[in-house]
Structure formats: structure tokens, C-alpha cells
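K.L.:
Got a structure for you, start.txt, holding compact mmCIF, C-alpha atoms (C1' of nucleotides) and all ligand atoms.
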# COMPACT_ATOMS: atom_id res chain seq x y z
CA MET M 473 122.24 153.96 266.75
CA GLU M 474 120.54 154.06 263.40
CA ASN M 475 117.04 155.34 263.07
CA ILE M 476 115.08 152.84 261.04
CA LEU M 477 111.34 152.81 260.67
CA LYS M 478 109.58 150.05 262.52
CA THR M 479 107.89 147.90 259.89
CA GLN M 480 104.89 145.61 260.16
CA ALA M 481 105.55 143.64 263.33
CA VAL M 482 104.66 139.98 263.60
CA ALA M 483 101.83 138.98 265.93
CA LYS M 484 102.80 138.89 269.59
CA PRO M 485 101.29 135.47 270.48
CA GLU M 486 103.13 133.94 267.56
CA VAL M 487 106.59 135.07 268.71
CA ILE M 488 105.77 134.20 272.30
CA ASN M 489 105.22 130.68 271.06
CA MET M 490 108.48 130.69 269.14
CA LEU M 491 110.36 131.70 272.26
CA LYS M 492 108.63 129.16 274.50
CA GLN M 493 109.35 126.46 271.93
CA LYS M 494 113.05 127.13 272.43
CA GLY M 495 112.75 127.33 276.20
CA ILE M 496 113.16 131.09 276.37
CA SER M 497 110.92 132.98 278.78
CA PRO M 498 109.10 135.60 276.74
CA THR M 499 109.85 138.83 278.55
CA GLN M 500 108.65 142.23 277.32
CA GLN M 501 112.03 143.06 275.80
CA ARG M 502 112.61 139.69 274.17
CA VAL M 503 109.18 139.76 272.60
CA GLU M 504 109.74 143.30 271.28
CA ILE M 505 113.01 142.27 269.69
CA ALA M 506 111.63 139.02 268.32
CA GLN M 507 108.72 140.87 266.72
CA ILE M 508 111.15 143.10 264.89
CA LEU M 509 113.46 140.29 263.80
CA PHE M 510 110.76 137.93 262.61
CA SER M 511 108.66 140.47 260.76
CA LYS M 512 110.45 139.25 257.61
CA PRO M 513 113.65 137.49 256.49
CA GLN M 514 116.38 140.07 257.03
CA HIS M 515 119.91 140.77 258.22
CA LEU M 516 120.17 143.26 261.07
CA SER M 517 123.07 144.39 263.19
CA ALA M 518 122.68 144.83 266.96
CA ASP M 519 122.82 148.55 266.38
CA GLN M 520 120.01 148.42 263.87
CA VAL M 521 117.83 146.34 266.17
CA MET M 522 118.54 148.89 268.89
CA GLY M 523 117.49 151.71 266.59
CA ILE M 524 114.24 150.05 265.59
CA VAL M 525 113.21 148.91 269.05
CA ASN M 526 113.90 152.29 270.58
CA ASN M 527 112.16 154.16 267.81
CA GLY M 528 108.85 153.76 269.64
CA GLU M 529 108.11 154.49 273.27
CA GLN M 530 109.42 151.28 274.92
CA ARG M 531 113.11 151.63 275.81
CA VAL M 532 115.41 148.64 275.77
CA SER M 533 118.96 148.95 277.02
CA LYS M 534 122.03 148.20 274.95
CA ALA M 535 123.01 145.33 277.26
CA THR M 536 119.61 143.74 276.81
CA VAL M 537 119.73 144.04 273.03
CA TYR M 538 123.12 142.33 272.95
CA ASN M 539 122.09 139.75 275.55
CA THR M 540 118.91 138.95 273.67
CA LEU M 541 120.51 138.63 270.26
CA GLY M 542 123.21 136.42 271.77
CA LEU M 543 120.59 134.28 273.46
CA PHE M 544 118.52 133.96 270.29
CA ALA M 545 121.61 132.97 268.32
CA ASN M 546 122.55 130.41 270.95
CA LYS M 547 119.12 128.87 270.98
CA GLY M 548 119.03 128.75 267.20
CA LEU M 549 116.30 131.31 266.65
CA VAL M 550 118.57 133.50 264.55
CA ARG M 551 121.84 132.93 262.77
CA GLU M 552 124.94 135.08 263.07
CA VAL M 553 126.50 136.06 259.78
CA ILE M 554 130.15 137.11 259.87
CA VAL M 555 131.09 138.97 256.70
CA ASP M 556 131.66 142.55 257.77
CA PRO M 557 134.75 142.92 259.96
CA THR M 558 133.08 145.63 262.02
CA LYS M 559 129.83 144.00 263.09
CA ILE M 560 127.74 140.86 263.26
CA PHE M 561 124.57 140.49 261.21
CA TYR M 562 121.69 138.57 262.74
CA ASP M 563 119.78 136.65 260.11
CA SER M 564 116.12 135.99 260.88
CA ASN M 565 116.13 133.24 258.30
CA ILE M 566 117.63 130.09 259.79
CA GLN M 567 116.91 127.94 256.74
CA SER M 568 120.15 126.76 255.17
CA HIS M 569 121.23 129.37 252.65
CA HIS M 570 124.23 131.44 251.63
CA HIS M 571 125.09 135.09 250.99
CA PHE M 572 126.22 137.71 248.59
CA TYR M 573 128.19 140.42 250.30
CA ASN M 574 128.68 143.65 248.39
CA VAL M 575 131.92 145.04 249.76
CA ASP M 576 131.24 148.44 248.17
CA SER M 577 127.78 148.96 249.69
CA GLY M 578 127.96 146.63 252.68
CA GLU M 579 124.74 145.08 251.44
CA LEU M 580 124.06 141.48 252.40
CA THR M 581 121.63 139.41 250.33
CA ASP M 582 120.58 135.80 250.25
CA ILE M 583 121.59 133.04 247.90
CA HIS M 584 119.03 130.27 247.98
CA ALA M 585 120.56 127.04 249.20
CA HIS M 586 119.73 125.09 246.06
CA THR M 587 121.44 127.67 243.83
CA VAL M 588 124.81 126.49 245.04
CA GLN M 589 125.97 122.94 245.55
CA LEU M 590 129.04 121.60 247.24
CA ASN M 591 129.86 118.41 245.39
CA SER M 592 132.78 117.32 247.48
CA TYR M 593 133.34 117.70 251.15
CA PRO M 594 136.64 118.02 253.03
CA GLU M 595 137.68 115.60 255.71
CA LEU M 596 137.24 117.18 259.14
CA PRO M 597 140.17 117.47 261.57
CA GLU M 598 140.35 114.82 264.31
CA GLY M 599 138.01 115.41 267.24
CA THR M 600 135.86 118.01 265.58
CA GLU M 601 132.40 118.06 264.07
CA ALA M 602 130.97 120.45 261.50
CA ASP M 603 128.75 123.17 262.86
CA GLY M 604 127.79 124.57 259.48
CA VAL M 605 129.10 125.73 256.12
CA ASP M 606 129.08 129.40 255.21
CA ILE M 607 129.47 130.36 251.60
CA VAL M 608 129.93 134.04 250.87
CA VAL M 609 130.24 135.43 247.36
CA ARG M 610 131.93 138.78 247.69
CA LEU M 611 130.68 141.33 245.14
CA ARG M 612 131.94 144.65 243.90
CA ASN M 613 129.99 147.21 241.91
CA LYS M 614 130.88 147.06 238.23
CA LYS M 615 132.51 150.36 237.34
CA ASP M 616 132.48 151.07 233.61
CA MET R 47 149.84 142.59 271.81
CA GLU R 48 150.73 138.94 271.85
CA ASN R 49 154.28 137.84 272.32
CA ILE R 50 155.10 135.31 269.64
CA LEU R 51 158.51 134.04 268.77
CA LYS R 52 159.89 135.33 265.50
CA THR R 53 160.32 132.29 263.29
CA GLN R 54 162.61 131.71 260.35
CA ALA R 55 162.23 134.89 258.29
CA VAL R 56 162.23 134.83 254.51
CA ALA R 57 165.19 136.37 252.70
CA LYS R 58 165.10 140.15 252.48
CA PRO R 59 165.88 140.51 248.75
CA GLU R 60 163.10 138.09 247.97
CA VAL R 61 160.38 140.06 249.77
CA ILE R 62 161.76 143.33 248.39
CA ASN R 63 161.11 141.89 244.97
CA MET R 64 157.61 140.81 245.90
CA LEU R 65 156.79 144.33 247.05
CA LYS R 66 158.31 146.00 243.97
CA GLN R 67 156.39 143.59 241.77
CA LYS R 68 153.18 144.99 243.22
CA GLY R 69 154.36 148.59 243.01
CA ILE R 70 154.96 148.97 246.74
CA SER R 71 158.08 150.82 247.83
CA PRO R 72 159.98 148.50 250.11
CA THR R 73 160.47 150.53 253.26
CA GLN R 74 162.16 149.17 256.37
CA GLN R 75 158.83 148.55 258.10
CA ARG R 76 157.08 146.98 255.14
CA VAL R 77 159.97 144.62 254.54
CA GLU R 78 160.02 143.61 258.20
CA ILE R 79 156.33 142.81 258.11
CA ALA R 80 156.52 141.05 254.76
CA GLN R 81 159.35 138.85 256.02
CA ILE R 82 157.18 137.75 258.92
CA LEU R 83 154.08 137.15 256.82
CA PHE R 84 155.76 135.26 254.01
CA SER R 85 157.94 133.04 256.16
CA LYS R 86 155.24 130.39 255.67
CA PRO R 87 151.56 130.04 254.80
CA GLN R 88 149.74 131.30 257.89
CA HIS R 89 146.87 133.32 259.28
CA LEU R 90 147.89 136.22 261.50
CA SER R 91 145.92 139.02 263.09
CA ALA R 92 147.25 142.60 263.09
CA ASP R 93 147.92 142.19 266.78
CA GLN R 94 149.95 139.06 266.21
CA VAL R 95 152.01 140.70 263.47
CA MET R 96 152.58 143.60 265.85
CA GLY R 97 153.75 141.21 268.55
CA ILE R 98 156.17 139.39 266.30
CA VAL R 99 157.66 142.45 264.65
CA ASN R 100 158.17 144.22 267.95
CA ASN R 101 159.66 141.19 269.59
CA GLY R 102 163.09 142.16 268.32
CA GLU R 103 164.76 145.54 268.49
CA GLN R 104 163.11 147.33 265.56
CA ARG R 105 159.91 149.06 266.69
CA VAL R 106 157.02 149.48 264.30
CA SER R 107 154.00 151.53 265.32
CA LYS R 108 150.45 150.28 265.47
CA ALA R 109 149.38 152.68 262.74
CA THR R 110 152.08 151.36 260.44
CA VAL R 111 151.19 147.74 261.09
CA TYR R 112 147.56 148.43 260.23
CA ASN R 113 148.48 150.63 257.25
CA THR R 114 150.84 148.01 255.91
CA LEU R 115 148.48 145.07 256.27
CA GLY R 116 145.73 147.11 254.63
CA LEU R 117 148.08 148.05 251.80
CA PHE R 118 149.22 144.46 251.29
CA ALA R 119 145.61 143.28 251.22
CA ASN R 120 144.70 145.98 248.72
CA LYS R 121 147.56 145.10 246.43
CA GLY R 122 146.75 141.44 246.63
CA LEU R 123 149.83 140.32 248.55
CA VAL R 124 147.76 138.90 251.37
CA ARG R 125 144.14 137.96 251.75
CA GLU R 126 141.82 139.09 254.52
CA VAL R 127 139.84 136.29 256.13
CA ILE R 128 136.70 137.32 257.99
CA VAL R 129 135.57 134.54 260.31
CA ASP R 130 136.13 135.86 263.79
CA PRO R 131 133.86 138.78 264.64
CA THR R 132 136.56 140.41 266.74
CA LYS R 133 139.46 140.57 264.32
CA ILE R 134 140.68 140.13 260.77
CA PHE R 135 143.08 137.35 259.85
CA TYR R 136 145.67 138.06 257.18
CA ASP R 137 146.39 135.00 255.11
CA SER R 138 149.84 134.85 253.55
CA ASN R 139 148.55 132.26 251.11
CA ILE R 140 146.72 133.97 248.27
CA GLN R 141 146.15 130.78 246.29
CA SER R 142 142.47 130.01 246.02
CA HIS R 143 141.50 127.94 249.02
CA HIS R 144 138.97 127.74 251.82
CA HIS R 145 138.92 127.43 255.60
CA PHE R 146 137.96 125.47 258.63
CA TYR R 147 137.19 127.68 261.57
CA ASN R 148 137.07 126.04 264.96
CA VAL R 149 134.69 128.21 266.96
CA ASP R 150 135.80 126.61 270.23
CA SER R 151 139.52 127.21 269.81
CA GLY R 152 139.50 130.10 267.33
CA GLU R 153 141.84 128.04 265.18
CA LEU R 154 141.80 128.73 261.46
CA THR R 155 143.09 126.07 259.06
CA ASP R 156 143.16 125.63 255.32
CA ILE R 157 140.98 123.53 253.09
CA HIS R 158 142.71 122.87 249.80
CA ALA R 159 140.76 124.36 246.93
CA HIS R 160 140.32 121.05 245.12
CA THR R 161 138.83 119.38 248.20
CA VAL R 162 135.65 121.36 247.74
CA GLN R 163 133.81 122.04 244.53
CA LEU R 164 130.96 124.39 243.83
CA ASN R 165 128.98 122.70 241.07
CA SER R 166 126.46 125.41 240.51
CA TYR R 167 126.88 129.12 240.67
CA PRO R 168 124.31 131.76 241.57
CA GLU R 169 123.36 134.54 239.21
CA LEU R 170 124.95 137.80 240.33
CA PRO R 171 122.85 140.89 241.09
CA GLU R 172 122.65 143.51 238.33
CA GLY R 173 125.68 145.80 238.09
CA THR R 174 127.96 143.69 240.27
CA GLU R 175 130.89 141.41 239.64
CA ALA R 176 132.21 138.62 241.82
CA ASP R 177 135.30 139.44 243.84
CA GLY R 178 135.76 135.97 245.25
CA VAL R 179 134.05 133.11 247.01
CA ASP R 180 134.75 132.34 250.64
CA ILE R 181 133.77 128.99 252.01
CA VAL R 182 134.08 128.49 255.74
CA VAL R 183 133.32 125.22 257.47
CA ARG R 184 132.65 126.04 261.09
CA LEU R 185 133.84 123.34 263.48
CA ARG R 186 133.21 122.52 267.10
CA ASN R 187 135.19 120.20 269.30
CA LYS R 188 133.48 116.87 269.67
CA LYS R 189 132.55 116.47 273.33
CA ASP R 190 131.81 112.90 274.29
C1' DA N 739 99.04 139.71 301.19
C1' DC N 740 103.78 139.49 301.24
C1' DA N 741 108.68 137.94 302.08
C1' DG N 742 111.92 135.68 299.55
C1' DC N 743 114.20 134.43 295.43
C1' DA N 744 115.66 133.51 290.70
C1' DG N 745 115.84 135.48 286.51
C1' DT N 746 116.13 139.61 283.96
C1' DT N 747 117.12 144.39 282.87
C1' DT N 748 119.77 148.43 283.30
C1' DA N 749 123.38 152.27 283.36
C1' DG N 750 127.54 153.01 282.68
C1' DA N 751 132.37 151.54 283.09
C1' DC N 752 135.43 148.97 280.48
C1' DA N 753 137.92 146.43 276.65
C1' DA N 754 139.63 145.45 272.04
C1' DA N 755 140.11 146.37 267.21
C1' DG N 756 140.77 149.66 264.24
C1' DT N 757 140.86 154.66 262.27
C1' DC N 758 142.34 159.38 262.05
C1' DT N 759 145.08 163.50 262.57
C1' DA N 760 148.84 166.26 263.08
C1' DT N 761 153.70 165.97 263.41
C1' DA N 762 158.12 163.97 262.59
C1' DT N 763 161.10 161.18 259.75
C1' DT N 764 162.84 159.33 255.63
C1' DA N 765 163.69 159.00 250.83
C1' DA N 766 163.88 160.74 246.37
C1' DT N 767 164.83 164.53 243.15
C1' DG N 768 167.08 168.32 241.11
C1' DC F 317 172.84 170.08 249.67
C1' DA F 318 167.93 171.96 249.57
C1' DT F 319 163.29 170.93 248.48
C1' DT F 320 159.56 167.99 248.21
C1' DA F 321 156.81 163.80 248.36
C1' DA F 322 156.00 159.67 250.70
C1' DT F 323 155.97 157.21 255.10
C1' DA F 324 155.93 156.49 259.89
C1' DT F 325 154.54 157.70 264.35
C1' DA F 326 152.09 158.85 268.90
C1' DG F 327 148.21 159.16 270.73
C1' DA F 328 143.40 160.72 270.58
C1' DC F 329 139.29 158.93 269.02
C1' DT F 330 135.40 155.73 267.33
C1' DT F 331 132.80 151.60 267.18
C1' DT F 332 131.30 147.23 268.60
C1' DG F 333 130.78 144.60 272.16
C1' DT F 334 131.39 142.82 277.22
C1' DC F 335 131.11 143.17 282.15
C1' DT F 336 129.58 144.48 286.74
C1' DA F 337 126.81 145.82 290.34
C1' DA F 338 122.50 147.47 291.38
C1' DA F 339 117.54 147.63 290.48
C1' DC F 340 113.47 145.53 288.93
C1' DT F 341 109.94 141.66 287.80
C1' DG F 342 107.28 138.03 288.52
C1' DC F 343 106.56 133.93 290.63
C1' DT F 344 106.26 130.65 295.14
C1' DG F 345 105.20 129.23 299.48
C1' DT F 346 103.27 130.61 303.66
MN MN T 801 136.89 145.21 263.68
MN MN T 802 133.18 143.06 267.03
ZN ZN T 803 120.48 135.37 254.98
ZN ZN T 804 144.25 130.16 254.45
Could you express the structure from this file as C-alpha cells?
Ligand SMILES: [Mn+2]
Ligand SMILES: [Mn+2]
Ligand SMILES: [Zn+2]
Ligand SMILES: [Zn+2]

P.N.:
Amino acid sequence: MENILKTQAVAKPEVINMLKQKGISPTQQRVEIAQILFSKPQHLSADQVMGIVNNGEQRVSKATVYNTLGLFANKGLVREVIVDPTKIFYDSNIQSHHHFYNVDSGELTDIHAHTVQLNSYPELPEGTEADGVDIVVRLRNKKD
Amino acid sequence: MENILKTQAVAKPEVINMLKQKGISPTQQRVEIAQILFSKPQHLSADQVMGIVNNGEQRVSKATVYNTLGLFANKGLVREVIVDPTKIFYDSNIQSHHHFYNVDSGELTDIHAHTVQLNSYPELPEGTEADGVDIVVRLRNKKD
DNA sequence: ACAGCAGTTTAGACAAAGTCTATATTAATG
DNA sequence: CATTAATATAGACTTTGTCTAAACTGCTGT
């Protein structure tokens, strides 16, 4: 569990509203986690969220962190980003956008949606519908 | 370890050449695994490769399967596809192409490179170079 | 107030993918 | 054939995540 400083949290009533809007009852733990996530656009692993939330006094169990992140992802409050084979990143920005992934550093950064444009679109297999398009530009550090 | 039927393997001398071409010494185990991988364009997990290779008489250890797939990926013989948070898929097709990922079934299928076109390209962060672009269209089964 | 109840949280056991280490085996070299 | 370098192996270990059964929380109706 990484030890990351808790940054400027977002106002409690605001996140409570966000949760209610999505039909999620705003429990202590969910609000805590939402305040961390939505303090800014960012990409956090479950482990990182765990580290931040348990930095202060309030303890939240591992199961609850995973449950909550899963719930938020399901309800569309956060977006799961799959680029690192060892863990999921939860993206607090649900606006359509894409990612750079630096395979050397593990760093994940945003590509604004308008920066990239798909100009043709593949035909979907029978009986399926698109759930989203993920574009990842893998980066390596230039070594010279 | 899944139990998958060993399909038509590719000729041994052919894969031995492929390995040599990339500076890989063609050991028994590596050749076995290469024959499975390159029998056709496909996406296999380490576990699946393990299941196929150990279906017959010849036993190959878990460590060797993982070492070999990692080596092949490093040398550019196969391509790692990261779409499922629980495992890596090894793609025996290294031609530039993209993927559909059915989140309901876990099925991974190809999108031919020409079917999709990026018409603008983001500026890379300082000190980095692009290693590749992965486009994944997530699919769900239409339920109606 | 308070019993009852659904929803939530929790500790800790468990599972799956993958890595690591120390040893054994194999292959190449002189 | 003897020596050495490269590989392969078993199995312990790590990490991320899931599951289960028990405890807790906060309402609801009386
Ligand atoms: Mn993994
Ligand atoms: Mn995982
Ligand atoms: Zn993002
Ligand atoms: Zn493919």
C-alpha cells in the first residue's frame, strides 16, 4: 500500500450529490473515496486509493476500496484504464479521451480527445455493440 | 491450466529459422512453443500455451513458458496485448493491426490495420518516443 | 424506543497470474 | 572428454484482486 499525501479534497456535499445522481447511497467510505478521486483528473490504482484514504485517521478496508471502485466504474463515475498488465487504473476523468503509456516509467497521461481522430470505423461483429474505443500510445524514454 | 487440443503445428525447420533470425537459440522448449504460437494468427495466454504444450508427452515448466513468451515478446516475435486485466494475450500476428475485445465473452479478435485510420497524431512528451499505438474497441453483446 | 431488516463494511482466507531463486540439465567449446 | 555458459526446472513467493461469513449501520414500522 503506497503512502501518498492526501491532496486538496473536493467538497463533501458536492460528491454526495454526484453519488446520489448515479443512485449510489453516499456512505462514509464511498464519500471518502470519491473525495480523493474527484479532487482532480487523475489515474489511480486501487492500491494508491487505499494508501491515500488510509493515510488519515479513517480506516477503510481493502474489500471496501475494491468494492467501491468497482461500483463507481459500473455506474460510470470513473473509467477503468487497462494498460499495465499488473493493475487497473481508475480514471477520474470520464470525458472521452485517450492515453500515453510510458512503459519505462509506468506513467499514464492523457491525450485530449480532439488531438486524435479515427477517420474510419470497423464493422462490428454480429450481435455486439461498441462499448468504447481505447487508444493507447505506448512510449519509451529516448535513450541517446 | 486449460486443456486445449494441439492443432496443426508449423514445420520445425521453419520456426527454428524464425528463432535464429532473431538471435534466439532454438532449444527444444522454445521450438515447441513457437510451433504452437505460429501455427496460425491467434491470441493465447501463457496459461493456454502451457495447456497446449503440455497436452502431449513433452513437459515444459511454467517458468520456461513465461520466460519464453517474455523472450519472444522482447525480440519482437510476438506481441503482447493488454486488454484483460487478469492476463496478457500473446498475439502471433505482429503485423500492425488492432483489436475488438468483447468484455462479455473475453473474446479477442483482430481489426485489420487499414479498417481504422488515425488522421491526427498527438505530440509526444519531451524525451520520449512512440513504441506503438494500440486501438481497442470494447464490445458488449447486444441484449434485446 | 426498539425490533427487524436491507444494505454495507470488514477481516482474513483464498485464487490466479506472474516472478524469483537455487539447483539441475543441456549444449557448446576447447 | 572436461569445462563452462546458457537454459530449464520446481517450488516458494509476491501482487492484485475476489469471496465469504460475520459484524455493523441506518432506516422503518409499531
Ligand atoms: Mn498480471
Ligand atoms: Mn489483476
Ligand atoms: Zn485519463
Ligand atoms: Zn491480433

K.L.:
Name the residues, by chain letter and number, that sit within 12 Å of ligand MN 801 (chain T) using only C-alpha atoms (C1' of nucleotides) and all ligand atoms, and give them as JSON, numbers by chain.

P.N.:
{"M": [554, 555, 556, 557, 558, 559, 560], "R": [91, 92, 93, 112, 128, 129, 130, 131, 132, 133, 134, 135], "N": [754, 755, 756, 757], "F": [330, 331, 332, 333]}

K.L.:
Pull out every residue of chain M that has at least one atom within 9 Å of chain N, counting all atoms listed in the file, and report them as a ChimeraX atom specification.

P.N.:
/M:499,501,532-536,558

K.L.:
Just to confirm, what's the straight-line distance from CA of Gln141 (chain R) to CA of Gln81 (chain R) in Å (one decimal)?

P.N.:
18.3 Å

K.L.:
Considering only C-alpha atoms (C1' of nucleotides), extract the chain F residues located within 12 Å of chain R and return them as a list in words.

P.N.:
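So the residues of chain F near chain R are DA322, DT323, DA324, DT325, DA326, DG327, DT331, DT332, DG333 and DT334 of chain F.
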
K.L.:
Limited to C-alpha atoms (C1' of nucleotides), could you put the picked residues into a file as a compact mmCIF listing (two decimals), in the frame of the given file?

P.N.:
# COMPACT_ATOMS: atom_id res chain seq x y z
C1' DA F 322 156.00 159.67 250.70
C1' DT F 323 155.97 157.21 255.10
C1' DA F 324 155.93 156.49 259.89
C1' DT F 325 154.54 157.70 264.35
C1' DA F 326 152.09 158.85 268.90
C1' DG F 327 148.21 159.16 270.73
C1' DT F 331 132.80 151.60 267.18
C1' DT F 332 131.30 147.23 268.60
C1' DG F 333 130.78 144.60 272.16
C1' DT F 334 131.39 142.82 277.22

K.L.:
If we count all atoms listed in the file, what is near Ser592 (chain M) at a cut-off of 8 Å, once residues fewer than 4 positions away on the same chain are taken out, given as a ChimeraX atom specification?

P.N.:
/R:161-163

K.L.:
With 9 Å as the limit and counting all atoms listed in the file, what residues in chain M lie close to chain R? Please list them as a PyMOL selection string.

P.N.:
chain M and resi 554-560+572+574-575+583-584+586-615

K.L.:
Within 6 Å of ligand ZN 804 (chain T), which residues show up when you count all atoms listed in the file? List them as a ChimeraX atom specification, please.

P.N.:
/R:137,139,156

K.L.:
If I take CA of Leu65 (chain R) and CA of Ala80 (chain R), how far is one from the other in Å, to one decimal?

P.N.:
8.4 Å

K.L.:
So that I can see what lies close to Glu78 (chain R), please list as a ChimeraX atom specification the residues with an atom at most 12 Å from it, counting all atoms listed in the file and leaving out residues fewer than 6 positions away in the same chain.

P.N.:
/R:52,55-59,61-62,65,72,84-85,95-96,98-106,110-111,114-115

K.L.:
What does the structure give for the distance between CA of Lys68 (chain R) and CA of Val124 (chain R), in Å to one decimal?

P.N.:
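CA of Val124 (chain R) lies at a distance of 11.5 Å from CA of Lys68 (chain R).
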